[in-house]
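Engineer: Sharing start.txt, compact mmCIF, C-alpha atoms:
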```
# COMPACT_ATOMS: atom_id res chain seq x y z
CA TYR A 1346 0.00 0.00 0.00
CA LYS A 1347 2.89 2.27 0.73
CA ILE A 1348 4.38 1.17 -2.59
CA GLU A 1349 1.16 2.22 -4.31
CA LEU A 1350 1.32 5.60 -2.58
CA GLN A 1351 4.91 5.99 -3.63
CA ILE A 1352 4.08 5.27 -7.27
CA ARG A 1353 1.22 7.74 -7.21
CA GLU A 1354 3.08 10.44 -5.33
CA LYS A 1355 6.16 10.31 -7.47
CA GLN A 1356 3.90 10.10 -10.54
CA LEU A 1357 6.19 7.41 -11.88
CA LEU A 1358 5.79 6.87 -15.59
CA LYS A 1359 5.20 3.60 -17.37
CA GLY A 1360 8.36 1.54 -17.53
CA ALA A 1361 9.94 3.14 -14.44
CA LYS A 1362 11.77 0.46 -12.52
CA LEU A 1363 10.91 -0.12 -8.88
CA PRO A 1364 13.39 -1.28 -6.26
CA ASN A 1365 13.73 -5.08 -6.19
CA VAL A 1366 12.20 -7.25 -3.49
CA GLU A 1367 15.33 -7.16 -1.31
CA GLN A 1368 15.44 -3.36 -1.42
CA LEU A 1369 11.70 -3.16 -0.66
CA LEU A 1370 12.24 -5.51 2.31
CA GLN A 1371 14.81 -3.13 3.73
CA GLU A 1372 12.82 0.01 2.99
CA PHE A 1373 9.57 -1.13 4.58
CA SER A 1374 10.98 -3.62 7.10
CA VAL A 1375 8.15 -6.12 6.69
CA SER A 1376 8.24 -9.85 5.92
CA LYS A 1377 8.99 -11.18 2.46
CA SER A 1378 5.52 -12.73 2.21
CA THR A 1379 3.95 -9.31 2.92
CA ILE A 1380 5.97 -7.78 0.09
CA THR A 1381 5.13 -10.66 -2.26
CA LYS A 1382 1.43 -10.29 -1.47
CA ALA A 1383 1.54 -6.51 -1.87
CA LEU A 1384 3.24 -6.85 -5.26
CA ALA A 1385 0.73 -9.49 -6.38
CA LEU A 1386 -2.11 -7.14 -5.45
CA LEU A 1387 -0.52 -4.20 -7.27
CA GLU A 1388 -0.05 -6.43 -10.32
CA LYS A 1389 -3.67 -7.56 -10.17
CA ASN A 1390 -4.88 -3.98 -9.87
CA GLY A 1391 -2.85 -3.06 -12.93
CA LEU A 1392 -0.29 -0.76 -11.31
CA ILE A 1393 2.85 -2.77 -11.97
CA TYR A 1394 4.20 -5.63 -14.06
CA GLN A 1395 6.98 -8.00 -13.14
CA VAL A 1396 9.46 -9.26 -15.74
CA GLN A 1397 11.14 -12.44 -14.60
CA GLY A 1398 14.87 -11.99 -14.08
CA SER A 1399 14.60 -8.32 -14.95
CA GLY A 1400 12.62 -6.42 -12.33
CA ILE A 1401 9.41 -4.73 -11.31
CA PHE A 1402 8.07 -1.94 -13.50
CA VAL A 1403 5.31 0.64 -13.29
CA ARG A 1404 2.35 0.22 -15.63
CA GLU A 1405 0.61 3.19 -17.17
CA ILE A 1406 -1.41 4.88 -14.44
CA GLN A 1407 -5.02 4.30 -15.51
CA ARG A 1408 -7.01 7.17 -16.93
CA THR A 1409 -8.83 9.07 -14.22
CA GLY A 1410 -12.58 8.73 -13.82
CA TYR A 1411 -12.56 5.08 -14.85
CA ILE A 1412 -13.91 2.52 -12.42
CA ASN A 1413 -11.60 -0.42 -11.89
CA PHE A 1414 -13.82 -3.38 -12.69
CA TYR A 1415 -11.63 -5.84 -10.95
CA LYS A 1416 -11.93 -4.27 -7.54
CA LEU A 1417 -14.53 -5.75 -5.26
CA ARG A 1418 -17.10 -2.95 -5.09
CA GLY A 1419 -15.37 0.20 -4.08
CA PHE A 1420 -16.54 2.89 -6.50
CA SER A 1421 -15.33 5.21 -3.77
CA ASP A 1422 -11.70 4.33 -4.50
CA ASP A 1423 -12.01 5.43 -8.12
CA LEU A 1424 -14.59 8.20 -7.85
CA SER A 1425 -13.99 11.26 -5.78
CA ASP A 1426 -17.45 12.29 -4.75
CA VAL A 1427 -19.99 9.47 -4.39
CA SER A 1428 -23.37 9.98 -2.74
CA SER A 1429 -26.56 7.92 -2.58
CA THR A 1430 -30.29 8.47 -2.37
CA VAL A 1431 -32.20 5.59 -0.82
CA LEU A 1432 -35.36 5.00 -2.87
CA LYS A 1433 -36.52 2.01 -0.88
CA LEU A 1434 -35.39 -0.04 2.08
CA GLU A 1435 -37.54 -2.87 3.41
CA VAL A 1436 -37.53 -6.44 4.61
CA GLN A 1437 -38.82 -8.82 1.95
CA LEU A 1438 -39.25 -12.58 1.66
CA ALA A 1439 -36.81 -14.03 -0.88
CA ASN A 1440 -38.32 -15.10 -4.19
CA GLN A 1441 -36.89 -17.98 -6.21
CA LEU A 1442 -34.18 -15.92 -7.95
CA VAL A 1443 -33.03 -14.14 -4.80
CA ALA A 1444 -33.12 -17.32 -2.72
CA SER A 1445 -31.05 -19.32 -5.18
CA SER A 1446 -28.57 -16.46 -5.73
CA LEU A 1447 -28.05 -16.04 -2.00
CA GLU A 1448 -28.28 -19.80 -1.28
CA ILE A 1449 -31.00 -19.30 1.33
CA PRO A 1450 -34.43 -20.94 1.68
CA LEU A 1451 -37.32 -19.62 -0.39
CA HIS A 1452 -39.18 -16.90 1.57
CA ALA A 1453 -36.27 -16.35 3.98
CA GLU A 1454 -36.03 -12.73 5.13
CA VAL A 1455 -33.79 -10.37 3.15
CA TYR A 1456 -33.16 -6.65 3.19
CA TYR A 1457 -34.06 -5.05 -0.13
CA VAL A 1458 -32.28 -1.76 -0.78
CA LYS A 1459 -32.83 0.35 -3.89
CA ARG A 1460 -30.39 3.22 -4.23
CA LEU A 1461 -29.70 5.85 -6.82
CA ARG A 1462 -26.01 6.64 -6.70
CA PHE A 1463 -24.38 9.86 -7.76
CA ASN A 1464 -20.86 10.82 -8.71
CA ALA A 1465 -20.09 14.52 -8.39
CA GLY A 1466 -23.84 15.20 -8.31
CA GLN A 1467 -24.54 13.32 -11.57
CA PRO A 1468 -26.63 10.11 -11.58
CA PHE A 1469 -24.14 7.30 -11.86
CA CYS A 1470 -26.05 4.06 -11.34
CA LEU A 1471 -29.22 2.50 -10.00
CA GLU A 1472 -28.56 -0.31 -7.57
CA GLU A 1473 -30.97 -2.92 -6.25
CA SER A 1474 -29.47 -5.12 -3.56
CA TYR A 1475 -30.61 -8.07 -1.49
CA PHE A 1476 -28.90 -8.99 1.77
CA PRO A 1477 -29.87 -12.09 3.81
CA ARG A 1478 -30.98 -11.07 7.29
CA LYS A 1479 -29.18 -13.99 8.87
CA ILE A 1480 -25.91 -12.26 7.84
CA ILE A 1481 -27.01 -8.61 7.81
CA PRO A 1482 -29.51 -8.43 10.69
CA PHE A 1483 -29.93 -4.64 10.80
CA LEU A 1484 -30.04 -1.85 8.21
CA THR A 1485 -31.48 1.65 8.08
CA GLU A 1486 -31.90 4.32 5.43
CA ALA A 1487 -29.31 6.47 7.17
CA ILE A 1488 -26.79 3.64 6.92
CA ALA A 1489 -27.66 2.97 3.28
CA GLU A 1490 -27.09 6.60 2.38
CA GLU A 1491 -23.44 6.09 3.27
CA SER A 1492 -21.20 3.22 2.20
CA LEU A 1493 -22.85 -0.10 3.07
CA PHE A 1494 -19.52 -1.87 2.82
CA THR A 1495 -17.94 0.43 5.37
CA TYR A 1496 -20.85 -0.32 7.71
CA PHE A 1497 -20.57 -4.08 7.10
CA ALA A 1498 -16.85 -3.95 7.83
CA LYS A 1499 -16.95 -1.68 10.86
CA ALA A 1500 -20.20 -2.63 12.60
CA LEU A 1501 -20.59 -6.25 11.54
CA LYS A 1502 -16.97 -7.25 10.86
CA ILE A 1503 -18.12 -8.59 7.50
CA ASN A 1504 -15.77 -8.28 4.55
CA PRO A 1505 -16.23 -9.42 0.98
CA GLY A 1506 -14.14 -12.39 -0.11
CA PHE A 1507 -14.91 -12.80 -3.80
CA SER A 1508 -17.64 -11.93 -6.28
CA ASP A 1509 -19.19 -13.08 -9.54
CA SER A 1510 -20.56 -10.52 -11.99
CA TYR A 1511 -22.67 -11.14 -15.06
CA LEU A 1512 -22.72 -8.21 -17.46
CA HIS A 1513 -25.17 -7.32 -20.18
CA VAL A 1514 -25.85 -4.31 -22.36
CA ILE A 1515 -29.52 -3.38 -22.56
CA GLN A 1516 -31.92 -0.59 -23.49
CA LEU A 1517 -33.47 1.22 -20.53
CA ASP A 1518 -37.14 0.81 -19.70
CA GLN A 1519 -39.09 3.96 -18.91
CA ALA A 1520 -38.93 3.74 -15.10
CA THR A 1521 -35.16 3.21 -14.96
CA ALA A 1522 -34.52 5.81 -17.66
CA GLN A 1523 -36.48 8.36 -15.67
CA LEU A 1524 -34.53 7.65 -12.48
CA LEU A 1525 -31.22 8.01 -14.31
CA ASP A 1526 -32.47 11.16 -16.08
CA LEU A 1527 -32.07 9.62 -19.54
CA PRO A 1528 -34.44 9.13 -22.49
CA ILE A 1529 -36.25 5.80 -22.71
CA ASP A 1530 -34.32 3.16 -24.74
CA SER A 1531 -30.97 4.70 -23.79
CA PRO A 1532 -28.14 2.15 -23.74
CA ALA A 1533 -26.96 0.83 -20.38
CA LEU A 1534 -24.60 -1.66 -18.86
CA THR A 1535 -26.15 -3.89 -16.21
CA SER A 1536 -24.22 -5.98 -13.75
CA GLU A 1537 -25.77 -8.83 -11.83
CA GLN A 1538 -23.43 -9.43 -8.96
CA ILE A 1539 -23.15 -11.99 -6.18
CA ILE A 1540 -20.69 -11.14 -3.43
CA HIS A 1541 -19.47 -13.85 -1.06
CA LEU A 1542 -17.80 -13.87 2.32
CA SER A 1543 -14.37 -15.43 2.21
CA THR A 1544 -16.03 -18.60 3.56
CA GLY A 1545 -17.93 -18.82 0.26
CA GLU A 1546 -21.29 -17.80 1.74
CA PRO A 1547 -23.10 -15.22 -0.46
CA PHE A 1548 -24.24 -12.10 1.39
CA ASP A 1549 -25.08 -9.61 -1.38
CA TYR A 1550 -27.05 -10.12 -4.57
CA SER A 1551 -27.26 -6.88 -6.54
CA LYS A 1552 -28.37 -5.65 -9.90
CA ILE A 1553 -26.65 -2.45 -10.96
CA THR A 1554 -27.64 -0.36 -13.97
CA TYR A 1555 -25.02 2.20 -15.02
CA HIS A 1556 -25.66 5.60 -16.61
CA TYR A 1557 -23.86 5.19 -19.95
CA GLN A 1558 -22.69 8.79 -20.20
CA ASN A 1559 -21.54 9.08 -16.59
CA SER A 1560 -19.66 5.80 -16.19
CA GLN A 1561 -16.65 4.19 -17.78
CA PHE A 1562 -14.62 1.21 -16.75
CA PHE A 1563 -11.08 0.00 -16.57
CA LEU A 1564 -9.95 -3.60 -16.57
CA ALA A 1565 -6.35 -4.68 -16.12
CA THR A 1566 -5.57 -8.30 -16.93
CA THR A 1567 -2.44 -10.31 -16.30
CA LYS A 1568 -1.47 -13.73 -17.53
CA TYR B 201 -5.08 -27.45 -15.85
CA LYS B 202 -5.80 -31.07 -14.98
CA ILE B 203 -7.49 -29.81 -11.83
CA GLU B 204 -9.74 -27.61 -14.00
CA LEU B 205 -10.59 -30.59 -16.20
CA GLN B 206 -11.37 -32.66 -13.15
CA ILE B 207 -13.73 -30.00 -11.79
CA ARG B 208 -15.49 -29.71 -15.14
CA GLU B 209 -15.66 -33.47 -15.77
CA LYS B 210 -16.99 -34.35 -12.38
CA GLN B 211 -19.35 -31.36 -12.59
CA LEU B 212 -18.47 -30.55 -9.03
CA LEU B 213 -20.96 -28.26 -7.39
CA LYS B 214 -20.24 -25.05 -5.58
CA GLY B 215 -18.81 -25.72 -2.15
CA ALA B 216 -17.37 -29.14 -3.06
CA LYS B 217 -14.04 -29.52 -1.31
CA LEU B 218 -10.97 -30.30 -3.38
CA PRO B 219 -8.02 -32.37 -2.14
CA ASN B 220 -5.51 -30.28 -0.20
CA VAL B 221 -2.17 -29.19 -1.63
CA GLU B 222 -0.34 -32.25 -0.28
CA GLN B 223 -2.87 -34.61 -1.86
CA LEU B 224 -2.69 -32.71 -5.16
CA LEU B 225 1.12 -32.96 -5.06
CA GLN B 226 0.87 -36.73 -4.80
CA GLU B 227 -1.87 -37.06 -7.40
CA PHE B 228 -0.17 -35.00 -10.11
CA SER B 229 3.46 -35.52 -9.05
CA VAL B 230 4.54 -31.98 -9.90
CA SER B 231 6.37 -29.38 -7.79
CA LYS B 232 4.66 -27.46 -5.04
CA SER B 233 5.20 -24.16 -6.88
CA THR B 234 3.42 -25.59 -9.96
CA ILE B 235 0.43 -26.55 -7.81
CA THR B 236 0.44 -23.15 -6.09
CA LYS B 237 0.51 -21.35 -9.45
CA ALA B 238 -2.21 -23.59 -10.89
CA LEU B 239 -4.43 -22.91 -7.88
CA ALA B 240 -3.79 -19.15 -8.10
CA LEU B 241 -4.80 -19.22 -11.77
CA LEU B 242 -7.96 -21.23 -11.04
CA GLU B 243 -8.82 -18.75 -8.28
CA LYS B 244 -8.25 -15.79 -10.63
CA ASN B 245 -10.41 -17.37 -13.30
CA GLY B 246 -13.19 -17.85 -10.76
CA LEU B 247 -13.23 -21.63 -10.57
CA ILE B 248 -12.20 -22.10 -6.95
CA TYR B 249 -11.86 -20.24 -3.67
CA GLN B 250 -9.44 -20.97 -0.88
CA VAL B 251 -10.40 -20.57 2.76
CA GLN B 252 -7.37 -20.22 4.97
CA GLY B 253 -6.99 -23.10 7.38
CA SER B 254 -10.02 -24.79 5.92
CA GLY B 255 -9.40 -25.90 2.35
CA ILE B 256 -9.96 -25.38 -1.35
CA PHE B 257 -13.51 -25.24 -2.63
CA VAL B 258 -15.23 -25.18 -6.00
CA ARG B 259 -16.96 -21.96 -7.02
CA GLU B 260 -20.17 -21.97 -9.00
CA ILE B 261 -19.32 -22.95 -12.56
CA GLN B 262 -20.02 -19.81 -14.58
CA ARG B 263 -23.10 -19.67 -16.75
CA THR B 264 -22.40 -20.90 -20.27
CA GLY B 265 -22.18 -18.46 -23.17
CA TYR B 266 -20.61 -15.74 -21.01
CA ILE B 267 -17.22 -14.40 -22.00
CA ASN B 268 -14.75 -14.32 -19.14
CA PHE B 269 -13.63 -10.70 -19.11
CA TYR B 270 -10.56 -11.38 -17.12
CA LYS B 271 -8.98 -13.73 -19.62
CA LEU B 272 -6.49 -12.14 -21.98
CA ARG B 273 -8.35 -12.30 -25.30
CA GLY B 274 -9.45 -15.84 -25.86
CA PHE B 275 -13.11 -15.64 -26.86
CA SER B 276 -12.41 -19.08 -28.26
CA ASP B 277 -12.15 -20.56 -24.77
CA ASP B 278 -15.64 -19.39 -23.85
CA LEU B 279 -17.40 -19.56 -27.20
CA SER B 280 -17.74 -22.78 -29.09
CA ASP B 281 -17.84 -21.66 -32.67
CA VAL B 282 -15.96 -18.45 -33.49
CA SER B 283 -15.28 -17.33 -37.07
CA SER B 284 -14.06 -14.08 -38.62
CA THR B 285 -14.54 -12.12 -41.81
CA VAL B 286 -11.65 -9.83 -42.66
CA LEU B 287 -13.08 -6.52 -43.87
CA LYS B 288 -9.74 -4.80 -44.31
CA LEU B 289 -6.06 -5.61 -43.84
CA GLU B 290 -3.41 -3.10 -44.81
CA VAL B 291 -0.20 -1.44 -43.73
CA GLN B 292 -0.81 2.08 -42.39
CA LEU B 293 1.34 4.80 -40.88
CA ALA B 294 0.53 5.28 -37.20
CA ASN B 295 -1.44 8.41 -36.35
CA GLN B 296 -1.05 10.17 -33.01
CA LEU B 297 -3.49 7.97 -31.08
CA VAL B 298 -2.13 4.69 -32.47
CA ALA B 299 1.49 5.78 -32.03
CA SER B 300 1.04 6.80 -28.41
CA SER B 301 -1.02 3.72 -27.57
CA LEU B 302 1.61 1.40 -29.07
CA GLU B 303 4.53 3.55 -27.86
CA ILE B 304 5.99 3.82 -31.36
CA PRO B 305 7.06 6.88 -33.40
CA LEU B 306 4.42 8.86 -35.25
CA HIS B 307 4.05 7.47 -38.82
CA ALA B 308 5.75 4.18 -37.94
CA GLU B 309 4.33 1.25 -39.94
CA VAL B 310 1.48 -0.74 -38.41
CA TYR B 311 -0.82 -3.46 -39.65
CA TYR B 312 -4.46 -2.37 -39.54
CA VAL B 313 -6.93 -5.24 -39.38
CA LYS B 314 -10.69 -4.79 -39.34
CA ARG B 315 -12.60 -7.96 -38.63
CA LEU B 316 -16.23 -8.88 -38.12
CA ARG B 317 -16.35 -11.77 -35.72
CA PHE B 318 -19.11 -14.33 -35.47
CA ASN B 319 -20.18 -16.75 -32.79
CA ALA B 320 -22.25 -19.68 -34.05
CA GLY B 321 -22.89 -17.73 -37.24
CA GLN B 322 -24.23 -14.64 -35.45
CA PRO B 323 -22.34 -11.31 -35.55
CA PHE B 324 -20.59 -11.04 -32.24
CA CYS B 325 -18.25 -8.04 -32.45
CA LEU B 326 -16.47 -5.66 -34.79
CA GLU B 327 -12.77 -5.45 -34.09
CA GLU B 328 -10.27 -2.88 -35.36
CA SER B 329 -6.69 -3.72 -34.44
CA TYR B 330 -3.31 -2.09 -34.91
CA PHE B 331 -0.08 -4.11 -34.67
CA PRO B 332 3.38 -2.49 -34.93
CA ARG B 333 5.31 -4.00 -37.84
CA LYS B 334 8.51 -4.07 -35.85
CA ILE B 335 6.88 -6.76 -33.68
CA ILE B 336 4.44 -8.30 -36.17
CA PRO B 337 6.34 -8.13 -39.48
CA PHE B 338 3.96 -10.23 -41.58
CA LEU B 339 0.19 -10.71 -41.75
CA THR B 340 -2.27 -11.91 -44.38
CA GLU B 341 -6.05 -12.07 -44.69
CA ALA B 342 -5.88 -15.85 -44.52
CA ILE B 343 -4.08 -15.60 -41.18
CA ALA B 344 -6.51 -12.97 -39.86
CA GLU B 345 -9.48 -15.19 -40.69
CA GLU B 346 -8.19 -17.61 -38.09
CA SER B 347 -6.99 -16.79 -34.57
CA LEU B 348 -4.33 -14.07 -34.72
CA PHE B 349 -3.14 -15.01 -31.25
CA THR B 350 -2.55 -18.61 -32.26
CA TYR B 351 -0.49 -17.32 -35.21
CA PHE B 352 1.46 -14.91 -33.01
CA ALA B 353 2.24 -17.71 -30.55
CA LYS B 354 3.09 -20.42 -33.06
CA ALA B 355 4.78 -18.53 -35.90
CA LEU B 356 6.26 -15.56 -34.05
CA LYS B 357 6.66 -16.98 -30.52
CA ILE B 358 4.85 -13.88 -29.25
CA ASN B 359 2.58 -14.24 -26.26
CA PRO B 360 0.53 -11.62 -24.45
CA GLY B 361 1.76 -10.64 -20.98
CA PHE B 362 -0.87 -8.21 -19.72
CA SER B 363 -3.52 -5.88 -21.06
CA ASP B 364 -5.40 -2.69 -20.22
CA SER B 365 -9.01 -2.27 -21.32
CA TYR B 366 -11.13 0.87 -21.24
CA LEU B 367 -14.83 0.17 -21.52
CA HIS B 368 -17.67 2.45 -22.56
CA VAL B 369 -21.30 2.00 -23.45
CA ILE B 370 -22.33 3.88 -26.58
CA GLN B 371 -25.00 4.11 -29.27
CA LEU B 372 -24.02 2.65 -32.64
CA ASP B 373 -23.41 4.88 -35.64
CA GLN B 374 -24.96 3.82 -38.91
CA ALA B 375 -21.90 2.12 -40.44
CA THR B 376 -21.15 -0.04 -37.38
CA ALA B 377 -24.83 -0.82 -36.83
CA GLN B 378 -25.10 -2.05 -40.42
CA LEU B 379 -22.06 -4.32 -40.05
CA LEU B 380 -23.44 -5.83 -36.84
CA ASP B 381 -26.89 -6.17 -38.42
CA LEU B 382 -28.54 -3.90 -35.85
CA PRO B 383 -30.65 -0.74 -36.09
CA ILE B 384 -28.82 2.58 -35.86
CA ASP B 385 -28.54 3.90 -32.25
CA SER B 386 -28.57 0.37 -30.82
CA PRO B 387 -26.67 0.11 -27.52
CA ALA B 388 -23.18 -1.36 -27.55
CA LEU B 389 -20.24 -2.02 -25.30
CA THR B 390 -16.90 -0.87 -26.68
CA SER B 391 -13.54 -1.93 -25.37
CA GLU B 392 -10.37 -0.04 -26.14
CA GLN B 393 -7.61 -2.49 -25.38
CA ILE B 394 -3.84 -2.35 -25.27
CA ILE B 395 -2.08 -5.71 -25.05
CA HIS B 396 1.56 -5.87 -23.95
CA LEU B 397 4.28 -8.47 -24.22
CA SER B 398 5.46 -9.66 -20.83
CA THR B 399 8.39 -7.25 -21.28
CA GLY B 400 5.88 -4.38 -21.13
CA GLU B 401 6.09 -3.53 -24.83
CA PRO B 402 2.63 -2.97 -26.38
CA PHE B 403 1.95 -5.02 -29.53
CA ASP B 404 -1.81 -4.75 -30.04
CA TYR B 405 -4.09 -1.72 -29.85
CA SER B 406 -7.67 -2.69 -30.57
CA LYS B 407 -11.12 -1.22 -30.45
CA ILE B 408 -13.84 -3.81 -30.10
CA THR B 409 -17.56 -3.11 -30.44
CA TYR B 410 -19.80 -5.89 -29.15
CA HIS B 411 -23.24 -6.86 -30.46
CA TYR B 412 -25.38 -6.25 -27.38
CA GLN B 413 -27.79 -9.10 -28.00
CA ASN B 414 -25.14 -11.67 -28.90
CA SER B 415 -22.60 -11.03 -26.17
CA GLN B 416 -22.57 -11.25 -22.41
CA PHE B 417 -19.72 -11.15 -19.96
CA PHE B 418 -18.55 -12.77 -16.79
CA LEU B 419 -16.16 -11.29 -14.28
CA ALA B 420 -14.84 -13.11 -11.23
CA THR B 421 -13.07 -11.03 -8.63
CA THR B 422 -11.08 -12.08 -5.62
CA LYS B 423 -9.76 -10.04 -2.74
```
What does this structure look like when you write it as structure tokens?
Structural biologist:
Amino acid sequence: YKIELQIREKQLLKGAKLPNVEQLLQEFSVSKSTITKALALLEKNGLIYQVQGSGIFVREIQRTGYINFYKLRGFSDDLSDVSSTVLKLEVQLANQLVASSLEIPLHAEVYYVKRLRFNAGQPFCLEESYFPRKIIPFLTEAIAEESLFTYFAKALKINPGFSDSYLHVIQLDQATAQLLDLPIDSPALTSEQIIHLSTGEPFDYSKITYHYQNSQFFLATTK
Amino acid sequence: YKIELQIREKQLLKGAKLPNVEQLLQEFSVSKSTITKALALLEKNGLIYQVQGSGIFVREIQRTGYINFYKLRGFSDDLSDVSSTVLKLEVQLANQLVASSLEIPLHAEVYYVKRLRFNAGQPFCLEESYFPRKIIPFLTEAIAEESLFTYFAKALKINPGFSDSYLHVIQLDQATAQLLDLPIDSPALTSEQIIHLSTGEPFDYSKITYHYQNSQFFLATTK
């Protein structure tokens, strides 16, 4: 994380060579496995690339305003000024789709949260989420107006482990178009997302519809 | 890779526990680092998850017909029946955008390849690619009708190391709509992609426009 800060602060250009693992060990005085993990994470997030036998290099810093698709949630990392309006928050009984996505019994209690999310005051996405009450026992509108994931982490000690997203491009229906302040039939990217605890248990099933003019995405892949 | 086959063959369900690393070592008689790398790759591709102190488990096998976004190229892995029509193949002199994306001098020679790609006979995407001639010295239409990446690997010993993609949702202009057999203003996902050798040198700058009805995407993230 300090390495990331260093890259960003020094505004290192693509191809700039970083200190090798031994030098990093000395500089940060942490264990080798910590350094290895930190480098693996930086590589995954597209900040560096490692050439075997040659060194560690900086990748192009991604264009600003792009959301890193590979990060688990976390718009807030990539966008400066995120806010949310809660359109609905209620306890529902899981229907077939929700129950099977969350691996809970049919009609089990879930929180349903519908939020319109803004970036710098502009509508950014519409998000409908389902959380099983057995994992998320308590939610309020005030909480949902802020970052749910910060609340999960701080109040419930719940952190995401991994997620599956299914992406489609669609044309907006009238209700969604109106909420996003777009004409009907506007194009949109939708993401159907299941987020799991690191134990493999799903705790968030969400459908997100992005405003096509106000969102753009970055994806860094490695071999 | 054999582990992946085993998961697919046995149609293991989500949550099924795999043998531990020691058992895998015995079964496949390879080195521990090979097993560790294979497991890391399976985790990255969304096939398994590892719970510390508990074991290795199978993730939900992804829905069929979805393209795994995190794989470097390789539609062919996810789609059964890919074919391509070459609309144009010529040597061009790099303009500003192409030159800076490929990190080559302005007006350096590049191959420009425009292909319409089909999946099971249906238009799947329109792809415009630029390859620097200093890395890809020779290309023909016959080659471009097949997998370029297979040709690069087999004939030129060139393999992708990592890639950056920038994704936008747009409305199709008339020319692109016509090629994809869609009405004008149809929604579309576009990907602007720079693929690098593992040395960090870019060798492919492509713009891909996907047919919104004939393409869908899968993205597996891990912490």
Engineer: Distance table requested - segment 233-327 of chain B against segment 1503-1521 of chain A, cut-off 9 Å, only C-alpha atoms: one row per qualifying residue with the closest atom pair and its distance in Å to one decimal, ordered by chain and rising residue number, as a tab-separated table.
Structural biologist:
```
residue	atom	partner	partner_atom	distance
B:Gly246	CA	A:Asp1509	CA	7.8
B:Tyr249	CA	A:Phe1507	CA	8.0
B:Glu260	CA	A:Asp1509	CA	9.0
B:Gln262	CA	A:Asp1509	CA	8.4
B:Arg263	CA	A:Tyr1511	CA	8.7
B:Tyr266	CA	A:Tyr1511	CA	7.8
```
Engineer: Pull the closest atom pair for each residue of segment 1395-1457 of chain A that gets at most 6 Å from segment 1466-1476 of chain A, along with the distance in Å to one decimal, counting all atoms listed in the file, ordering rows by chain and then ascending residue number, as CSV.
Structural biologist:
```
residue,atom,partner,partner_atom,distance
A:Val1455,CA,A:Phe1476,CA,5.3
A:Tyr1456,CA,A:Phe1476,CA,5.1
A:Tyr1457,CA,A:Tyr1475,CA,4.8
```
Engineer: Keeping only C-alpha atoms, write the selected residues as a PDB file, keeping the file's coordinate frame.
Structural biologist:
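Dumped to result_28.pdb:
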```pdb
ATOM      1  CA  VAL A1455     -33.790 -10.370   3.150  1.00  0.00           C
ATOM      2  CA  TYR A1456     -33.160  -6.650   3.190  1.00  0.00           C
ATOM      3  CA  TYR A1457     -34.060  -5.050  -0.130  1.00  0.00           C
TER       4      TYR A1457
END
```
Engineer: Interatomic distance between atom CA of Phe269 of chain B and atom CA of Ala377 of chain B?
Structural biologist: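 Computed distance, atom CA of Phe269 of chain B to atom CA of Ala377 of chain B, equals 23.2 Å.
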Engineer: Quick one: distance from atom CA of Tyr405 of chain B to atom CA of Leu302 of chain B in Å, one decimal?
Structural biologist: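 Atom CA of Leu302 of chain B lies at a distance of 6.5 Å from atom CA of Tyr405 of chain B.
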Engineer: How many Å separate atom CA of Gln1538 of chain A from atom CA of Ile1553 of chain A?
Structural biologist: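 That distance, rounded to one decimal, is 7.9 Å.
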Engineer: Out of A:Ile1481, A:Val1403, A:Leu1438, A:Ala1465, which residue has the shortest atom-to-atom distance to His1452 of chain A when counting all atoms listed in the file?
Structural biologist: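 For His1452 of chain A, the nearest of the candidates is A:Leu1438.
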Engineer: Closest to chain A among B:Ala344, B:Leu339, B:Ala216, B:Leu356, using all atoms listed in the file?
Structural biologist: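 Between B:Ala344, B:Leu339, B:Ala216, B:Leu356, the residue approaching chain A most closely is B:Ala216.
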Engineer: Could you check which of B:Gln223, B:Ser300, B:Asn295, B:Thr234 is closest to chain A, using all atoms listed in the file?
Structural biologist: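 Looking only at the distances to chain A, the closest residue turns out to be B:Ser300.
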Engineer: Considering only C-alpha atoms, state which residue in the set B:Asn268, B:Gln292, B:Ser231, B:Gln226 is at the smallest distance from chain A.
Structural biologist: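 The closest residue to chain A is B:Asn268.
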Engineer: Write out as a list of chain:residue names the residues lying within 10 Å of Glu222 of chain B, counting all atoms listed in the file and excluding same-chain residues fewer than 4 positions away.
Structural biologist: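 Counting only the stated atoms, we get B:Gln226, B:Glu227, B:Lys232, B:Ile235.
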Engineer: For chain A, which residue among B:Asp281, B:Glu392, B:Glu290, B:Asp404 is the nearest when counting only C-alpha atoms?
Structural biologist: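 Closest residue, counting only C-alpha atoms: B:Glu392.
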Engineer: Give the answer as one residue: which of B:Leu224, B:Ile343, B:Ile248, B:Val230 has the shortest atom-to-atom distance to Thr421 of chain B, using all atoms listed in the file?
Structural biologist: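 Checking each of B:Leu224, B:Ile343, B:Ile248, B:Val230 against Thr421 of chain B, counting all atoms listed in the file, the winner is B:Ile248.
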